[in-house]
file final_33.csv (CSV, C-alpha atoms)
chain,number,residue,atom,x,y,z
A,895,MET,CA,-21.2,5.5,-4.4
A,896,ALA,CA,-20.0,6.3,-7.9
A,897,ALA,CA,-16.3,6.0,-8.8
A,898,GLY,CA,-16.2,9.7,-9.8
A,899,PRO,CA,-16.8,11.3,-6.5
A,900,ALA,CA,-14.7,8.8,-4.6
A,901,PHE,CA,-11.8,9.4,-6.9
A,902,ALA,CA,-12.2,13.2,-6.8
A,903,ARG,CA,-11.9,13.2,-3.0
A,904,GLY,CA,-8.4,11.8,-2.9
A,905,GLY,CA,-7.7,9.7,-5.9
A,906,TYR,CA,-5.9,12.5,-7.6
A,907,ALA,CA,-3.5,12.7,-4.6
A,908,LEU,CA,-2.8,9.0,-5.0
A,909,VAL,CA,-2.2,9.3,-8.7
A,910,VAL,CA,0.1,12.3,-8.2
A,911,ALA,CA,2.1,10.6,-5.5
A,912,LEU,CA,2.6,7.5,-7.6
A,913,ALA,CA,3.3,9.5,-10.8
A,914,VAL,CA,6.1,11.5,-9.2
A,915,SER,CA,8.1,8.4,-8.5
A,916,TRP,CA,7.1,6.4,-11.7
A,917,PRO,CA,9.8,5.9,-14.2
A,918,SER,CA,9.6,6.9,-17.9
A,919,SER,CA,9.5,4.1,-20.4
A,920,ALA,CA,13.1,4.8,-21.4
A,921,ALA,CA,14.1,4.2,-17.8
A,922,LEU,CA,12.7,0.6,-18.0
A,923,ALA,CA,15.2,-0.3,-20.7
A,924,LYS,CA,17.7,-2.0,-18.4
A,925,ASN,CA,17.4,-4.3,-15.4
A,926,SER,CA,19.2,-1.8,-13.2
A,927,ASP,CA,16.7,0.9,-14.2
A,928,ILE,CA,13.8,-1.5,-13.5
A,929,GLU,CA,15.3,-2.1,-10.0
A,930,THR,CA,15.6,1.6,-9.4
A,931,ALA,CA,12.0,2.2,-10.5
A,932,GLY,CA,10.9,-0.7,-8.3
A,933,ASN,CA,12.8,0.8,-5.3
A,934,ALA,CA,11.1,4.2,-6.0
A,935,ALA,CA,7.7,2.6,-6.3
A,936,LYS,CA,8.1,0.6,-3.0
A,937,PHE,CA,8.6,4.0,-1.2
A,938,ALA,CA,5.8,5.7,-3.2
A,939,LEU,CA,3.1,3.3,-2.0
A,940,PRO,CA,3.4,4.2,1.7
A,941,VAL,CA,3.7,7.9,0.8
A,942,ALA,CA,0.5,7.6,-1.3
A,943,GLY,CA,-1.2,5.8,1.7
A,944,LEU,CA,-0.2,8.7,4.0
A,945,VAL,CA,-1.5,11.2,1.5
A,946,LEU,CA,-4.8,9.5,1.5
A,947,ASN,CA,-4.8,9.5,5.3
A,948,ILE,CA,-4.2,13.2,5.3
A,949,VAL,CA,-6.8,13.9,2.6
A,950,HIS,CA,-9.4,12.0,4.7
A,951,ASP,CA,-8.2,13.4,8.0
A,952,ASP,CA,-7.7,9.8,9.1
A,953,ALA,CA,-5.2,9.3,11.9
A,954,GLU,CA,-6.4,5.8,12.6
A,955,GLY,CA,-5.8,4.9,8.9
A,956,ALA,CA,-2.2,6.1,9.2
A,957,LEU,CA,-1.6,3.9,12.3
A,958,GLN,CA,-3.1,0.9,10.5
A,959,LEU,CA,-0.9,1.6,7.4
A,960,GLY,CA,2.1,1.8,9.7
A,961,ALA,CA,1.1,-1.4,11.5
A,962,SER,CA,0.7,-3.2,8.1
A,963,LEU,CA,4.2,-2.1,6.9
A,964,LEU,CA,5.8,-3.0,10.2
A,965,GLY,CA,4.1,-6.3,10.5
A,966,ALA,CA,4.9,-7.4,6.9
A,967,TYR,CA,8.5,-6.2,7.0
A,968,GLY,CA,9.2,-7.7,10.4
A,969,THR,CA,7.7,-11.0,9.5
A,970,SER,CA,9.6,-11.2,6.2
A,971,ARG,CA,12.9,-10.3,8.0
A,972,LEU,CA,12.2,-13.1,10.5
A,973,LEU,CA,11.5,-15.6,7.8
A,974,LYS,CA,14.7,-14.6,6.0
A,975,GLU,CA,16.7,-15.6,9.1
A,976,ILE,CA,14.9,-18.9,9.4
A,977,VAL,CA,14.8,-20.0,5.7
A,978,ARG,CA,18.3,-18.7,4.6
A,979,GLU,CA,17.7,-19.0,0.8
A,980,GLU,CA,20.4,-17.8,-1.5
A,981,ARG,CA,19.6,-14.9,-3.8
A,982,PRO,CA,19.7,-15.5,-7.5
A,983,ASP,CA,22.6,-13.1,-7.9
A,984,LYS,CA,24.5,-14.9,-5.1
A,985,SER,CA,24.7,-11.7,-3.0
A,986,GLY,CA,23.4,-13.2,0.2
A,987,MET,CA,21.4,-15.8,2.0
A,988,ASP,CA,18.3,-13.7,2.5
A,989,SER,CA,16.1,-14.2,-0.6
A,990,PHE,CA,13.0,-15.7,0.9
A,991,PRO,CA,10.6,-13.9,1.1
A,992,SER,CA,10.9,-10.6,-0.7
A,993,ALA,CA,10.6,-7.9,2.0
A,994,SER,CA,10.2,-5.2,-0.7
A,995,THR,CA,7.2,-7.0,-2.2
A,996,ALA,CA,5.8,-7.8,1.3
A,997,SER,CA,5.9,-4.1,2.3
A,998,SER,CA,4.5,-3.0,-1.0
A,999,PHE,CA,1.6,-5.4,-0.9
A,1000,ALA,CA,1.0,-4.5,2.8
A,1001,ALA,CA,0.7,-0.9,1.8
A,1002,ALA,CA,-1.6,-1.7,-1.2
A,1003,SER,CA,-3.7,-4.0,0.9
A,1004,SER,CA,-4.1,-1.4,3.6
A,1005,ILE,CA,-5.1,1.2,1.1
A,1006,GLN,CA,-7.6,-1.1,-0.5
A,1007,ALA,CA,-9.1,-2.4,2.8
A,1008,ARG,CA,-9.3,1.2,4.2
A,1009,TYR,CA,-10.6,3.2,1.2
A,1010,GLY,CA,-11.9,0.6,-1.3
A,1011,TRP,CA,-11.0,-0.6,-4.8
A,1012,ASN,CA,-11.0,2.8,-6.4
A,1013,TYR,CA,-7.7,3.3,-4.6
A,1014,GLY,CA,-6.8,-0.3,-4.3
A,1015,TRP,CA,-6.4,-1.5,-7.8
A,1016,PRO,CA,-3.7,1.1,-8.8
A,1017,ALA,CA,-1.9,0.4,-5.5
A,1018,TYR,CA,-1.9,-3.3,-6.3
A,1019,ALA,CA,-0.6,-2.6,-9.8
A,1020,VAL,CA,2.3,-0.7,-8.3
A,1021,ALA,CA,3.0,-3.4,-5.8
A,1022,ALA,CA,3.0,-6.0,-8.5
A,1023,PHE,CA,5.6,-3.9,-10.4
A,1024,VAL,CA,7.8,-3.8,-7.3
A,1025,GLY,CA,7.7,-7.6,-7.2
A,1026,TYR,CA,8.5,-7.8,-10.9
A,1027,SER,CA,11.4,-5.4,-10.5
A,1028,ARG,CA,12.9,-7.7,-7.7
A,1029,VAL,CA,12.9,-10.7,-10.1
A,1030,ALA,CA,14.1,-8.6,-13.1
A,1031,ALA,CA,17.0,-7.2,-11.0
A,1032,ASP,CA,18.0,-10.8,-10.1
A,1033,LYS,CA,17.5,-10.2,-6.4
A,1034,HIS,CA,14.6,-12.7,-5.9
A,1035,HIS,CA,13.1,-15.8,-7.4
A,1036,TRP,CA,9.4,-15.7,-8.4
A,1037,HIS,CA,8.4,-17.8,-5.3
A,1038,ASP,CA,10.1,-15.2,-3.0
A,1039,VAL,CA,8.0,-12.5,-4.6
A,1040,ALA,CA,4.8,-14.6,-4.5
A,1041,ALA,CA,5.4,-15.3,-0.8
A,1042,GLY,CA,6.1,-11.7,-0.1
A,1043,ALA,CA,2.9,-10.6,-1.9
A,1044,ALA,CA,0.8,-13.1,0.0
A,1045,LEU,CA,2.4,-12.1,3.3
A,1046,GLY,CA,1.9,-8.4,2.7
A,1047,TRP,CA,-1.7,-8.9,1.6
A,1048,VAL,CA,-2.6,-11.0,4.6
A,1049,VAL,CA,-1.0,-8.5,7.1
A,1050,GLY,CA,-2.7,-5.5,5.4
A,1051,GLN,CA,-6.1,-7.2,5.5
A,1052,LEU,CA,-5.7,-8.3,9.2
A,1053,VAL,CA,-4.8,-4.9,10.6
A,1054,THR,CA,-6.8,-2.5,8.5
A,1055,SER,CA,-10.4,-1.7,9.0
A,1056,SER,CA,-12.7,0.0,6.5
A,1057,TYR,CA,-12.8,3.8,6.7
A,1058,ARG,CA,-16.0,5.2,8.3
A,1059,PRO,CA,-16.0,8.9,8.9
A,1060,LEU,CA,-17.6,10.2,12.0
A,1061,PRO,CA,-21.0,11.8,11.8
A,1062,GLU,CA,-21.2,15.6,11.6
A,1063,ILE,CA,-23.4,17.0,14.3
A,1064,GLN,CA,-24.6,20.5,14.3
A,1065,ALA,CA,-26.7,22.2,17.1
A,1066,TYR,CA,-29.1,25.1,16.5
A,1067,ALA,CA,-30.7,27.2,19.1
A,1068,GLY,CA,-32.9,30.2,18.8
A,1069,ALA,CA,-35.7,32.1,20.6
A,1070,GLU,CA,-38.3,29.6,19.2
A,1071,GLY,CA,-36.5,26.4,20.1
A,1072,ALA,CA,-33.5,24.2,19.5
A,1073,ALA,CA,-32.5,21.4,17.1
A,1074,LEU,CA,-29.7,18.9,16.4
A,1075,GLN,CA,-28.8,17.8,13.0
A,1076,ALA,CA,-26.6,14.7,12.3
A,1077,THR,CA,-25.2,13.8,8.9
A,1078,TRP,CA,-23.4,10.5,8.3
A,1079,HIS,CA,-21.8,9.7,5.0
A,1080,TRP,CA,-21.1,6.1,4.0
call {"tool": "encode", "arguments": {"input": "final_33.csv", "output": "structure tokens"}}
result
Amino acid sequence: MAAGPAFARGGYALVVALAVSWPSSAALAKNSDIETAGNAAKFALPVAGLVLNIVHDDAEGALQLGASLLGAYGTSRLLKEIVREERPDKSGMDSFPSASTASSFAAASSIQARYGWNYGWPAYAVAAFVGYSRVAADKHHWHDVAAGAALGWVVGQLVTSSYRPLPEIQAYAGAEGAALQATWHW
């Protein structure tokens, strides 16, 4: 299928959801602004995923997105309790792995696995920015972010299946006979 029709069926919704929370270039001038933009982006990704689920009338996709987020966040919280690594800004002993990055990559991975690369690549770009923002804000080391990204990607891929819409079936009946018509898009 060409990129144009796939994008037209829901890509605009993804772009709008991400653009609403995306900072201006002036907002990226300071680390605190980068952190704020990253925090907005980490919430925008699951919202964008839900928008795609709604556009595709895909309740199963919404459940899989939720399972991806819950699995990645829960696993990262558990690892934080086990590893107990100090944050670069010395604000706590819960640096490894980055839960924000894990959740963002879980959402991006779920979007990509469910709906393909037309939606996946912008989602991964936003997730990468979230990871960058955590390092720029001095909340995580690069290895915390890399581990969170890997964790989120793996969970998203494990719990998300490819979207396959159900066939459309129409029945016709008349004085001269009857017919069934099935249409399946893939």
call {"tool": "residues_near_point", "arguments": {"input": "final_33.csv", "point": "(10.3, -5.9, -6.6)", "cutoff": "12 Å", "atoms": "only C-alpha atoms", "output": "MDAnalysis selection string"}}
result
chainID A and resid 925:926 928:937 989 991:999 1019:1036 1038:1040 1042:1043
call {"tool": "closest_residue", "arguments": {"input": "final_33.csv", "among": "A:Ala953, A:Ala1041, A:Leu946, A:Ala1067", "to": "Gln1006 of chain A", "atoms": "only C-alpha atoms"}}
result
A:Leu946
call {"tool": "atom_distance", "arguments": {"input": "final_33.csv", "atom1": "atom CA of Thr969 of chain A", "atom2": "atom CA of Ala956 of chain A"}}
result
19.8 Å
call {"tool": "atom_distance", "arguments": {"input": "final_33.csv", "atom1": "atom CA of Gly943 of chain A", "atom2": "atom CA of Ala966 of chain A"}}
result
15.4 Å
call {"tool": "atom_distance", "arguments": {"input": "final_33.csv", "atom1": "atom CA of Gly965 of chain A", "atom2": "atom CA of Ala938 of chain A"}}
result
18.3 Å
call {"tool": "residues_around", "arguments": {"input": "final_33.csv", "residues": "Ile1005 of chain A", "least_positions_apart": "4", "cutoff": "8 Å", "atoms": "only C-alpha atoms", "output": "list in words"}}
result
Gly943, Leu959, Ala1001, Tyr1009, Gly1010, Tyr1013, Gly1014 and Ala1017 of chain A
call {"tool": "closest_residue", "arguments": {"input": "final_33.csv", "among": "A:Met987, A:Leu1052, A:Ile976, A:Leu1045", "to": "Ser1004 of chain A", "atoms": "only C-alpha atoms"}}
result
A:Leu1052
call {"tool": "closest_residue", "arguments": {"input": "final_33.csv", "among": "A:Ala1044, A:Val1053, A:Val977, A:Ile948", "to": "Ala1007 of chain A", "atoms": "only C-alpha atoms"}}
result
A:Val1053
